[in-house]
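Okay, protein.txt is below, compact mmCIF, C-alpha atoms:
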# COMPACT_ATOMS: atom_id res chain seq x y z
CA MET A 1 -100.61 -56.61 -45.52
CA THR A 2 -98.70 -56.02 -48.70
CA PHE A 3 -99.12 -52.27 -48.22
CA GLY A 4 -97.70 -52.56 -44.71
CA LYS A 5 -94.58 -54.37 -45.95
CA GLU A 6 -93.99 -51.76 -48.64
CA ASN A 7 -94.47 -49.00 -46.11
CA THR A 8 -91.95 -50.63 -43.76
CA ALA A 9 -89.45 -51.01 -46.62
CA ALA A 10 -89.90 -47.38 -47.62
CA ARG A 11 -89.41 -46.32 -44.02
CA ASP A 12 -86.21 -48.38 -43.79
CA MET A 13 -84.98 -46.85 -47.07
CA GLY A 14 -85.74 -43.38 -45.74
CA THR A 15 -83.69 -44.13 -42.63
CA ALA A 16 -80.79 -45.30 -44.78
CA VAL A 17 -80.97 -42.17 -46.92
CA SER A 18 -81.11 -40.02 -43.78
CA ILE A 19 -77.99 -41.71 -42.39
CA SER A 20 -76.26 -41.34 -45.76
CA MET A 21 -77.10 -37.64 -45.96
CA LYS A 22 -75.71 -37.06 -42.49
CA ALA A 23 -72.46 -38.68 -43.56
CA TRP A 24 -71.88 -36.43 -46.56
CA GLU A 25 -73.35 -33.39 -44.83
CA SER A 26 -70.44 -33.42 -42.41
CA ASN A 27 -68.21 -32.39 -45.33
CA VAL A 28 -70.44 -29.59 -46.62
CA ARG A 29 -69.08 -26.09 -46.17
CA LYS A 30 -71.83 -24.26 -44.29
CA ILE A 31 -71.92 -20.50 -44.69
CA VAL A 32 -74.35 -17.81 -43.57
CA PRO A 33 -74.83 -16.19 -47.00
CA TYR A 34 -74.89 -12.55 -47.99
CA VAL A 35 -78.46 -11.27 -48.25
CA PRO A 36 -78.91 -9.03 -51.32
CA GLY A 37 -81.46 -6.25 -51.45
CA GLU A 38 -85.04 -7.17 -52.26
CA GLN A 39 -85.94 -7.08 -55.95
CA PRO A 40 -89.68 -6.31 -55.97
CA ASN A 41 -91.72 -6.04 -59.15
CA HIS A 42 -94.86 -3.97 -58.61
CA LYS A 43 -96.48 -1.61 -61.04
CA HIS A 44 -95.84 2.03 -60.10
CA MET A 45 -93.43 1.08 -57.33
CA VAL A 46 -90.62 3.35 -56.16
CA LYS A 47 -87.46 1.25 -55.87
CA LEU A 48 -84.82 2.93 -53.72
CA ASN A 49 -83.32 -0.05 -51.93
CA THR A 50 -80.38 -1.41 -53.97
CA ASN A 51 -78.42 1.68 -55.06
CA GLU A 52 -79.06 1.17 -58.75
CA ASN A 53 -78.78 4.13 -61.09
CA PRO A 54 -82.26 5.43 -62.06
CA PHE A 55 -81.08 6.60 -65.48
CA PRO A 56 -80.20 4.51 -68.56
CA PRO A 57 -76.60 3.73 -69.54
CA ALA A 58 -74.74 5.58 -72.27
CA PRO A 59 -76.51 5.59 -75.68
CA GLY A 60 -73.67 3.55 -77.16
CA VAL A 61 -74.72 0.61 -74.97
CA ASP A 62 -78.15 0.55 -76.61
CA ARG A 63 -76.47 0.66 -80.02
CA VAL A 64 -74.29 -2.35 -79.17
CA LEU A 65 -77.31 -4.36 -78.08
CA LYS A 66 -79.07 -3.62 -81.37
CA GLU A 67 -76.08 -4.30 -83.61
CA ILE A 68 -74.29 -7.20 -81.93
CA ASN A 69 -73.88 -10.26 -84.17
CA SER A 70 -75.43 -13.28 -82.41
CA ASP A 71 -73.18 -15.59 -84.44
CA SER A 72 -70.33 -14.49 -82.16
CA PHE A 73 -72.07 -16.24 -79.26
CA ARG A 74 -70.93 -19.66 -80.51
CA LEU A 75 -67.36 -18.65 -79.64
CA TYR A 76 -65.86 -18.22 -76.20
CA PRO A 77 -65.27 -14.62 -75.14
CA ASP A 78 -61.75 -13.28 -74.70
CA PRO A 79 -60.57 -14.57 -71.29
CA THR A 80 -58.23 -11.58 -70.90
CA VAL A 81 -61.11 -9.13 -71.53
CA LYS A 82 -58.49 -7.16 -73.42
CA LEU A 83 -60.89 -4.76 -75.17
CA LEU A 84 -62.48 -3.54 -71.94
CA ALA A 85 -59.28 -3.62 -69.91
CA ALA A 86 -57.61 -1.44 -72.55
CA SER A 87 -60.50 1.06 -72.48
CA LEU A 88 -60.32 1.32 -68.69
CA ALA A 89 -56.54 1.64 -68.74
CA ASP A 90 -56.80 4.48 -71.24
CA TYR A 91 -59.48 6.25 -69.16
CA TYR A 92 -57.42 6.07 -65.94
CA ASN A 93 -54.03 6.64 -67.58
CA LEU A 94 -52.79 3.19 -66.61
CA ASN A 95 -51.21 0.31 -68.50
CA GLN A 96 -53.46 -2.56 -69.49
CA GLU A 97 -51.42 -4.83 -67.20
CA GLN A 98 -52.68 -2.75 -64.28
CA VAL A 99 -56.36 -3.57 -64.84
CA PHE A 100 -58.30 -6.70 -63.87
CA VAL A 101 -61.89 -7.09 -65.10
CA GLY A 102 -64.50 -9.35 -63.49
CA VAL A 103 -68.21 -10.09 -63.35
CA GLY A 104 -69.22 -7.24 -61.08
CA SER A 105 -67.10 -5.88 -58.25
CA ASP A 106 -68.30 -8.75 -56.04
CA ASP A 107 -66.52 -11.20 -58.33
CA VAL A 108 -63.42 -8.98 -58.40
CA LEU A 109 -63.38 -8.69 -54.62
CA ALA A 110 -63.88 -12.43 -54.15
CA VAL A 111 -60.88 -13.14 -56.41
CA ALA A 112 -58.84 -10.55 -54.51
CA PHE A 113 -59.74 -12.16 -51.15
CA MET A 114 -58.68 -15.58 -52.48
CA THR A 115 -55.50 -14.19 -53.97
CA PHE A 116 -54.11 -11.94 -51.26
CA PHE A 117 -55.56 -12.98 -47.90
CA ASN A 118 -53.81 -16.25 -47.10
CA SER A 119 -52.02 -15.32 -43.90
CA GLU A 120 -52.82 -16.67 -40.44
CA LYS A 121 -53.06 -13.06 -39.35
CA PRO A 122 -56.55 -11.50 -39.45
CA ILE A 123 -57.54 -9.05 -42.13
CA LEU A 124 -59.12 -5.79 -40.99
CA PHE A 125 -62.32 -4.04 -42.07
CA PRO A 126 -64.80 -1.87 -40.14
CA ASP A 127 -67.60 -3.23 -37.98
CA ILE A 128 -70.12 -1.35 -40.12
CA THR A 129 -69.42 -1.81 -43.82
CA TYR A 130 -70.33 -3.93 -46.85
CA SER A 131 -71.76 -7.13 -45.38
CA PHE A 132 -70.24 -9.39 -48.06
CA TYR A 133 -66.74 -9.03 -46.53
CA PRO A 134 -67.34 -11.37 -43.56
CA VAL A 135 -69.15 -13.84 -45.84
CA TRP A 136 -66.08 -14.17 -48.07
CA CYS A 137 -63.91 -14.55 -44.99
CA ASP A 138 -66.06 -17.43 -43.77
CA LEU A 139 -66.22 -18.97 -47.25
CA PHE A 140 -62.46 -18.82 -47.82
CA ARG A 141 -61.59 -19.39 -44.14
CA ILE A 142 -59.85 -16.08 -43.69
CA PRO A 143 -59.47 -14.78 -40.10
CA TYR A 144 -60.65 -11.21 -39.60
CA LYS A 145 -61.17 -8.40 -37.09
CA ASN A 146 -63.68 -5.54 -37.22
CA PRO A 147 -62.33 -2.30 -35.73
CA ALA A 148 -65.31 -0.19 -34.67
CA LEU A 149 -66.14 3.03 -36.47
CA ASP A 150 -66.34 6.01 -34.13
CA GLU A 151 -69.62 7.52 -32.91
CA LYS A 152 -69.93 9.47 -36.17
CA PHE A 153 -69.36 6.32 -38.26
CA ARG A 154 -65.87 7.36 -39.30
CA ILE A 155 -62.73 5.24 -39.54
CA LYS A 156 -60.21 5.51 -36.71
CA LYS A 157 -57.04 5.20 -38.75
CA GLU A 158 -54.93 4.08 -35.78
CA ASP A 159 -57.00 0.85 -35.73
CA TYR A 160 -55.45 -0.06 -39.07
CA LEU A 161 -51.86 0.30 -37.94
CA GLN A 162 -51.87 -2.99 -36.01
CA GLU A 163 -50.45 -6.26 -37.32
CA ASN A 164 -52.71 -7.73 -39.99
CA GLY A 165 -53.02 -10.07 -42.95
CA GLY A 166 -54.61 -7.42 -45.17
CA ILE A 167 -57.04 -4.50 -45.08
CA VAL A 168 -60.32 -3.76 -46.85
CA ILE A 169 -61.93 -0.32 -46.72
CA ALA A 170 -65.03 0.72 -48.62
CA ASN A 171 -64.69 4.39 -49.49
CA PRO A 172 -67.31 5.82 -49.57
CA ASN A 173 -68.52 3.34 -47.01
CA ALA A 174 -71.73 1.37 -47.30
CA PRO A 175 -74.24 1.68 -45.79
CA THR A 176 -73.12 4.87 -44.02
CA SER A 177 -72.36 6.82 -47.27
CA ILE A 178 -69.32 8.47 -45.66
CA TYR A 179 -66.26 9.35 -47.76
CA GLU A 180 -62.89 9.44 -46.00
CA ASP A 181 -60.38 11.97 -47.26
CA LEU A 182 -57.70 10.47 -49.47
CA SER A 183 -55.01 11.55 -46.95
CA VAL A 184 -56.52 9.15 -44.38
CA ILE A 185 -56.55 6.33 -46.92
CA GLU A 186 -52.98 7.01 -47.99
CA GLU A 187 -51.65 6.92 -44.44
CA ILE A 188 -53.20 3.48 -43.91
CA ILE A 189 -51.72 2.21 -47.20
CA LYS A 190 -48.31 3.70 -46.47
CA LYS A 191 -48.06 2.21 -42.98
CA ASN A 192 -48.99 -1.32 -44.11
CA PRO A 193 -46.33 -2.08 -46.76
CA GLY A 194 -46.28 -5.79 -45.92
CA THR A 195 -49.92 -6.48 -46.73
CA VAL A 196 -52.37 -5.73 -49.54
CA VAL A 197 -54.80 -2.88 -48.89
CA ILE A 198 -58.02 -3.03 -50.92
CA ILE A 199 -59.99 0.20 -51.34
CA ASP A 200 -63.49 -0.66 -52.50
CA GLU A 201 -64.71 2.39 -54.42
CA ALA A 202 -68.16 1.34 -55.66
CA TYR A 203 -69.50 4.87 -55.00
CA ILE A 204 -66.40 6.99 -55.57
CA ASP A 205 -67.81 8.83 -58.60
CA PHE A 206 -70.32 10.61 -56.34
CA ALA A 207 -67.67 11.61 -53.80
CA GLY A 208 -64.11 12.98 -53.91
CA LYS A 209 -60.66 11.89 -55.07
CA SER A 210 -60.12 8.25 -55.95
CA ALA A 211 -57.25 6.19 -54.59
CA VAL A 212 -56.42 5.32 -58.21
CA GLU A 213 -53.99 8.24 -58.19
CA LEU A 214 -51.98 6.38 -55.53
CA VAL A 215 -51.57 3.17 -57.56
CA ALA A 216 -48.24 4.28 -59.06
CA LYS A 217 -46.93 5.11 -55.60
CA TYR A 218 -47.80 1.95 -53.65
CA ASP A 219 -47.28 -1.63 -54.80
CA ASN A 220 -49.61 -2.97 -52.06
CA LEU A 221 -52.69 -1.02 -53.18
CA LEU A 222 -55.63 -2.51 -55.06
CA VAL A 223 -58.52 -0.21 -56.03
CA VAL A 224 -61.84 -1.86 -56.94
CA GLN A 225 -64.65 -0.12 -58.83
CA THR A 226 -67.86 -1.07 -60.61
CA PHE A 227 -70.11 -0.24 -63.56
CA SER A 228 -73.22 -0.86 -61.44
CA LYS A 229 -73.64 2.60 -59.94
CA ALA A 230 -72.45 5.62 -61.93
CA ARG A 231 -72.37 3.78 -65.28
CA SER A 232 -75.90 2.31 -64.96
CA LEU A 233 -74.90 -1.26 -65.82
CA ALA A 234 -75.84 -3.23 -62.69
CA GLY A 235 -77.59 -5.78 -64.91
CA MET A 236 -74.46 -6.39 -66.99
CA ARG A 237 -72.27 -7.25 -63.98
CA ILE A 238 -68.98 -5.50 -64.71
CA GLY A 239 -66.37 -4.72 -62.08
CA TYR A 240 -62.65 -4.06 -62.19
CA ALA A 241 -59.54 -3.67 -60.07
CA MET A 242 -56.53 -1.43 -60.58
CA GLY A 243 -53.07 -1.91 -59.12
CA GLN A 244 -49.46 -2.66 -59.93
CA PRO A 245 -48.94 -5.37 -62.60
CA GLU A 246 -47.73 -7.90 -60.01
CA LEU A 247 -51.05 -7.70 -58.16
CA ILE A 248 -53.10 -7.96 -61.35
CA LYS A 249 -51.08 -10.96 -62.60
CA ALA A 250 -51.62 -12.74 -59.29
CA MET A 251 -55.38 -12.19 -59.56
CA ASN A 252 -55.45 -13.42 -63.15
CA ASP A 253 -53.53 -16.55 -62.13
CA VAL A 254 -56.24 -17.32 -59.57
CA LYS A 255 -59.04 -16.49 -62.01
CA TYR A 256 -57.61 -18.75 -64.72
CA SER A 257 -57.30 -21.53 -62.15
CA TYR A 258 -61.05 -21.91 -61.72
CA ASN A 259 -62.91 -20.06 -64.52
CA SER A 260 -61.17 -18.50 -67.52
CA TYR A 261 -64.22 -17.24 -69.42
CA THR A 262 -65.95 -15.16 -66.79
CA MET A 263 -67.26 -12.21 -68.80
CA ASN A 264 -69.57 -12.62 -71.79
CA GLN A 265 -68.96 -10.87 -75.11
CA THR A 266 -72.04 -8.62 -74.87
CA ALA A 267 -70.99 -7.26 -71.48
CA ILE A 268 -67.48 -6.57 -72.77
CA GLU A 269 -68.72 -4.53 -75.73
CA CYS A 270 -71.32 -2.67 -73.67
CA GLY A 271 -68.70 -1.87 -71.06
CA VAL A 272 -66.41 -0.35 -73.68
CA GLU A 273 -69.19 1.97 -74.85
CA ALA A 274 -69.99 2.99 -71.28
CA VAL A 275 -66.35 3.99 -70.71
CA ARG A 276 -66.07 5.76 -74.07
CA ASP A 277 -68.90 8.26 -73.49
CA VAL A 278 -67.22 10.48 -70.88
CA LYS A 279 -69.61 13.41 -71.36
CA TYR A 280 -72.71 11.30 -70.68
CA PHE A 281 -70.99 9.70 -67.68
CA LYS A 282 -70.13 13.00 -66.02
CA GLU A 283 -73.51 14.56 -66.75
CA GLY A 284 -75.25 11.56 -65.20
CA ILE A 285 -73.18 11.79 -62.03
CA GLN A 286 -73.96 15.48 -61.65
CA LYS A 287 -77.67 14.80 -62.17
CA ILE A 288 -77.71 12.36 -59.26
CA ILE A 289 -75.69 14.69 -57.04
CA ASP A 290 -78.18 17.50 -57.74
CA ILE A 291 -81.16 15.24 -56.91
CA ARG A 292 -79.32 14.09 -53.79
CA LYS A 293 -78.93 17.69 -52.65
CA ASN A 294 -82.63 18.44 -53.21
CA SER A 295 -83.60 15.27 -51.36
CA GLU A 296 -81.40 16.19 -48.41
CA GLU A 297 -83.21 19.51 -48.05
CA GLY A 298 -86.61 17.82 -48.16
CA LEU A 299 -85.66 15.16 -45.63
CA ARG A 300 -84.21 17.68 -43.18
CA LYS A 301 -87.49 19.60 -43.20
CA LEU A 302 -89.27 16.38 -42.22
CA GLY A 303 -87.01 15.78 -39.20
CA PHE A 304 -84.44 13.43 -40.70
CA SER A 305 -80.70 13.68 -40.13
CA PHE A 306 -77.85 11.91 -41.90
CA PRO A 307 -74.09 12.00 -42.49
CA GLU A 308 -72.77 13.97 -45.44
CA SER A 309 -73.13 11.56 -48.35
CA GLY A 310 -70.43 10.69 -50.84
CA ALA A 311 -72.62 8.11 -52.56
CA ASN A 312 -75.79 7.72 -54.60
CA PHE A 313 -77.75 7.11 -51.40
CA LEU A 314 -78.50 8.69 -48.03
CA PHE A 315 -78.24 7.03 -44.61
CA VAL A 316 -81.02 8.62 -42.60
CA THR A 317 -82.58 8.52 -39.15
CA HIS A 318 -85.67 10.35 -37.90
CA GLU A 319 -85.83 12.44 -34.75
CA LYS A 320 -89.02 10.75 -33.47
CA ILE A 321 -90.12 7.74 -35.49
CA PRO A 322 -88.24 4.39 -35.38
CA ALA A 323 -86.65 3.46 -38.70
CA LYS A 324 -88.29 0.03 -38.77
CA GLU A 325 -91.78 1.56 -38.55
CA ILE A 326 -91.02 3.94 -41.42
CA PHE A 327 -89.53 1.10 -43.48
CA GLU A 328 -92.58 -1.11 -43.02
CA SER A 329 -95.00 1.68 -43.81
CA LEU A 330 -93.09 2.60 -46.98
CA ARG A 331 -92.91 -1.03 -48.05
CA SER A 332 -96.64 -1.57 -47.61
CA ASN A 333 -97.11 1.30 -50.07
CA HIS A 334 -94.63 -0.14 -52.59
CA ILE A 335 -91.88 2.34 -51.78
CA TYR A 336 -88.75 0.31 -51.14
CA VAL A 337 -85.75 1.46 -49.11
CA ARG A 338 -83.18 -0.65 -47.20
CA TYR A 339 -83.36 -1.39 -43.49
CA PHE A 340 -80.59 -3.18 -41.59
CA ASN A 341 -81.64 -4.76 -38.30
CA LEU A 342 -78.09 -4.69 -36.98
CA PRO A 343 -76.37 -3.24 -33.90
CA ARG A 344 -75.64 0.51 -34.06
CA ILE A 345 -77.55 1.05 -37.31
CA ASN A 346 -80.99 -0.40 -36.60
CA ASN A 347 -82.54 3.06 -36.44
CA PHE A 348 -81.32 4.10 -39.89
CA LEU A 349 -82.66 3.69 -43.41
CA ARG A 350 -80.57 3.61 -46.56
CA ILE A 351 -82.34 5.49 -49.34
CA THR A 352 -81.05 5.26 -52.91
CA ILE A 353 -81.23 8.46 -54.94
CA GLY A 354 -83.79 7.85 -57.68
CA THR A 355 -85.23 10.17 -60.29
CA GLN A 356 -86.60 13.49 -59.10
CA GLU A 357 -90.08 12.04 -59.53
CA ASP A 358 -89.15 9.03 -57.34
CA MET A 359 -87.80 11.29 -54.62
CA ASP A 360 -90.82 13.60 -54.77
CA ARG A 361 -93.12 10.61 -54.28
CA LEU A 362 -91.02 9.45 -51.34
CA LEU A 363 -91.04 12.89 -49.70
CA THR A 364 -94.78 13.35 -50.24
CA PHE A 365 -95.53 10.00 -48.65
CA LEU A 366 -93.19 10.69 -45.72
CA GLU A 367 -94.73 14.10 -45.10
CA ASN A 368 -98.24 12.62 -44.94
CA TYR A 369 -97.06 9.70 -42.83
CA ILE A 370 -95.23 11.90 -40.32
CA ASN A 371 -98.17 14.30 -40.01
CA THR A 372 -100.52 11.38 -39.34
CA TYR A 373 -98.02 9.86 -36.88
CA ASP A 374 -97.76 13.13 -34.92
CA ASN A 375 -101.53 13.40 -34.72
Please re-express this file's structure in C-alpha cells.
Amino acid sequence: MTFGKENTAARDMGTAVSISMKAWESNVRKIVPYVPGEQPNHKHMVKLNTNENPFPPAPGVDRVLKEINSDSFRLYPDPTVKLLAASLADYYNLNQEQVFVGVGSDDVLAVAFMTFFNSEKPILFPDITYSFYPVWCDLFRIPYKNPALDEKFRIKKEDYLQENGGIVIANPNAPTSIYEDLSVIEEIIKKNPGTVVIIDEAYIDFAGKSAVELVAKYDNLLVVQTFSKARSLAGMRIGYAMGQPELIKAMNDVKYSYNSYTMNQTAIECGVEAVRDVKYFKEGIQKIIDIRKNSEEGLRKLGFSFPESGANFLFVTHEKIPAKEIFESLRSNHIYVRYFNLPRINNFLRITIGTQEDMDRLLTFLENYINTYDN
C-alpha cells in the first residue's frame, strides 16, 4: 500500500511538472535548425561532403601552434581583433575600419542579419542557396522572399529590383557552384541604394572577380568571406566582412552588445599567418582548380553533367541513375558527398574537390558502380 501511495504522489508530481513545462514552453522560440553536413570518422574514408580544403593551411599556422605561449590564455583576447583586421585590410587595400572579423562567416552573417535587416519589408535571396539564410530569418523574425533561380540555376537580376528590406546573394552560389559575373552583382547593388546588399563570397577564391572592388563605390555593400575554404582553416572558425566604415561600426555595436570576446587568441594569430603567406594561398587555390578540372573530365565520361563551377565543389547529376541511389551507395562504402532532398535539386549531388587521390577513388568507385548498374 505504501508503494501505491508513493506511486500516486509521483504521478501527481509528474502531472504538475508537465503542466509547468507547457507553461514555459509557450515562450520558447521554436526554430527549424540548419542541418550541417555529416562529420563521419571512418578509417580510409573519402570525405567530400562539407567543402573543406583537403590540404593543410599555410606553414606559418603550424609554427604559431607550436610557439604560442599558453600563459596568454589567462587573458581575454582583443575584442577588436585588431591584429587580424589589420592584416586583412592590408591584403585587400582597405582601411582597418572597413573590416569586421567574426567566428566563421556564419557568425559574421548572423551579426549582419541582426544589424541590417530590421525593416517590415522582406529581404530577398534565391530559392536555391545557402540554407542557413531562412534559419536566421526565422530566428531573428525577419520577413523574406525567395525569387526563383532560372532553369539553369542562375539569378534573374530583375527579381532583385523590387521593394525590399535587404538582399543576400551567395556568389558563387551554394550548392549550385555558379558564379555570377560582377556586372550582374553591381547592377543589383546600384539599384538598391536604400537597403544593404550582402554578397556572401565563401567560394570566391575559386571563381572570378570579388565584389570587394566595389566597396569604395557603394556604401550599401557588405562583402563576407571566410578562412574555411581557400585558407584551410575551417576548424579555426574565422570569417570576415568588408564594407564602408559606417556598416562595420554598426556591426561592431551589435557584436559588443551581446559578446565582446568572440575570437580566441590562437585563431587570431593563426589567421594572421594564413593571410601573410600569399604565395602558399595562391598555389593552393590553383591546385584545387586543377584537380577540379581533372574531376570534371572524369565525371563527364561517366555520364554526369553539371554547371560550370566557380567553387571548390561540383554540383552533378547523372543521365540515368537517381542521385539518391548514388549517394546511398557511396555512403555505404565510406565515400561521403552531399545530397539535398529538396525541390528542384533532389537529383543532384554536391561533391567537394578533395586530393587527387580522393577524386581518383571516387571516380573508380563510380565507374564500377555505373557498369554494374547498367548490367
**Report entry** Atom pair CA of Ile335 in chain A / CA of Gly104 in chain A: separation (Å)
**Finding:**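 Taking CA of Ile335 in chain A and CA of Gly104 in chain A, their separation equals 26.3 Å.
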**Report entry** Nearby residues (all atoms listed in the file) at most 10 Å from Lys145 in chain A, same-chain spacing under 3 positions excluded, as a VMD selection string
**Finding:** chain A and resid 121 to 127 134 148 164 167
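With all atoms listed in the file as the atoms that count, the minimum distance from Pro40 in chain A to the choices A:Tyr336, A:Tyr369, A:Tyr92, A:Phe348 is reached by A:Tyr336.
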Query raised in the report: Residues at most 9 Å from range 192-201 of chain A, counting all atoms listed in the file, excluding those fewer than 4 positions away in the same chain, as a PyMOL selection string?
Result: chain A and resi 105+109+112+116-117+160-173+185+187-188+205+210-211+218-226+247
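With only C-alpha atoms as the atoms that count, the minimum distance from Phe55 in chain A to the choices A:Asp374, A:Glu283, A:Asp360, A:Asp150 is reached by A:Glu283.
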Query - Gap from CA of Arg292 in chain A to CA of Glu319 in chain A - Å, one decimal - result: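 Pair CA of Arg292 in chain A / CA of Glu319 in chain A returns 20.2 Å.
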Requested in this report: Enter the distance from CA of Gly243 in chain A to CA of Glu213 in chain A, in Å, rounded to one decimal.
Outcome: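 CA of Gly243 in chain A sits 10.2 Å away from CA of Glu213 in chain A.
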Query - Residue with smallest distance to Ala234 in chain A - pool A:Leu363, A:Val272, A:Ala202, A:Leu214, counting only C-alpha atoms - result: A:Ala202
Query raised in the report: Got a sec: who's within 12 Å of Tyr280 in chain A, counting all atoms listed in the file, leaving out chain neighbours fewer than 3 positions off, as number ranges by chain?
Result: A: 55-61, 230-232, 273-277, 283-287
Query raised in the report: Between A:Pro33, A:Gly298, A:Gly271, A:Pro322, which is the closest to Asn341 in chain A once you count all atoms listed in the file?
Result: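 Using all atoms listed in the file, Asn341 in chain A sits closest to A:Pro322.
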Query raised in the report: Nearest to Ile345 in chain A among A:Tyr133, A:Phe153, A:Phe313, A:Tyr261, with distances taken over only C-alpha atoms: which residue is it?
Result: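 Checking each candidate against Ile345 in chain A, we get A:Phe153 as the closest.
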Requested in this report: Tell me which protein, DNA and RNA residues are within 10 Å of range 36-39 of chain A, counting all atoms listed in the file, leaving out same-chain ones fewer than 2 positions away, and put them as a PyMOL selection string.
Outcome: chain A and resi 33-34+41-42+47+49-51+131-132+336-339
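Closest approach to Ile268 in chain A among A:Met236, A:Val99, A:Val46, A:Leu94: A:Met236, based on only C-alpha atoms.
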Report task. Considering all atoms listed in the file, return as a list in words whatever protein or nucleic-acid residues lie within 9 Å of Asn347 in chain A, sequence-local ones (same chain, fewer than 2 positions apart) excluded. Result ->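 With the cut-off at 9 Å, the set is Val316, Thr317, His318, Ile321, Pro322, Ala323, Lys324, Tyr339, Phe340, Asn341, Leu342, Arg344, Ile345 and Leu349 of chain A.
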Just range 66-118 of chain A, please, as a compact mmCIF listing (two decimals), in the first residue's frame (only C-alpha atoms).
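What landed in decode-v8.txt:
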# COMPACT_ATOMS: atom_id res chain seq x y z
CA LYS A 66 53.98 25.20 -31.75
CA GLU A 67 55.24 28.52 -30.41
CA ILE A 68 52.17 30.12 -28.82
CA ASN A 69 52.60 30.96 -25.13
CA SER A 70 49.81 29.25 -23.16
CA ASP A 71 50.20 31.85 -20.40
CA SER A 72 48.40 34.28 -22.72
CA PHE A 73 45.25 32.17 -22.38
CA ARG A 74 44.56 33.58 -18.90
CA LEU A 75 43.86 36.95 -20.55
CA TYR A 76 40.89 37.89 -22.69
CA PRO A 77 41.63 38.20 -26.40
CA ASP A 78 41.46 41.58 -28.13
CA PRO A 79 37.73 42.26 -28.72
CA THR A 80 38.55 44.42 -31.75
CA VAL A 81 40.62 41.60 -33.33
CA LYS A 82 42.89 44.42 -34.43
CA LEU A 83 45.85 42.25 -35.47
CA LEU A 84 43.82 40.15 -37.90
CA ALA A 85 41.63 43.00 -39.10
CA ALA A 86 44.77 44.99 -39.94
CA SER A 87 46.26 42.05 -41.88
CA LEU A 88 43.06 41.64 -43.90
CA ALA A 89 42.81 45.37 -44.53
CA ASP A 90 46.37 45.41 -45.83
CA TYR A 91 45.74 42.40 -48.09
CA TYR A 92 42.60 43.94 -49.65
CA ASN A 93 43.89 47.53 -49.71
CA LEU A 94 41.25 48.70 -47.26
CA ASN A 95 41.32 50.63 -44.01
CA GLN A 96 41.07 48.65 -40.80
CA GLU A 97 37.75 50.39 -40.09
CA GLN A 98 36.36 48.63 -43.17
CA VAL A 99 36.90 45.10 -41.82
CA PHE A 100 34.79 43.13 -39.34
CA VAL A 101 36.10 39.78 -38.06
CA GLY A 102 33.93 37.03 -36.57
CA VAL A 103 33.91 33.37 -35.62
CA GLY A 104 33.42 31.93 -39.09
CA SER A 105 31.36 33.56 -41.83
CA ASP A 106 28.20 32.12 -40.23
CA ASP A 107 28.81 34.30 -37.18
CA VAL A 108 29.55 37.30 -39.40
CA LEU A 109 26.40 36.76 -41.44
CA ALA A 110 24.27 36.31 -38.33
CA VAL A 111 25.53 39.63 -36.94
CA ALA A 112 24.87 41.28 -40.30
CA PHE A 113 21.29 39.93 -40.38
CA MET A 114 20.67 41.27 -36.86
CA THR A 115 22.25 44.61 -37.70
CA PHE A 116 20.81 45.49 -41.08
CA PHE A 117 17.56 43.58 -41.60
CA ASN A 118 15.09 45.28 -39.28
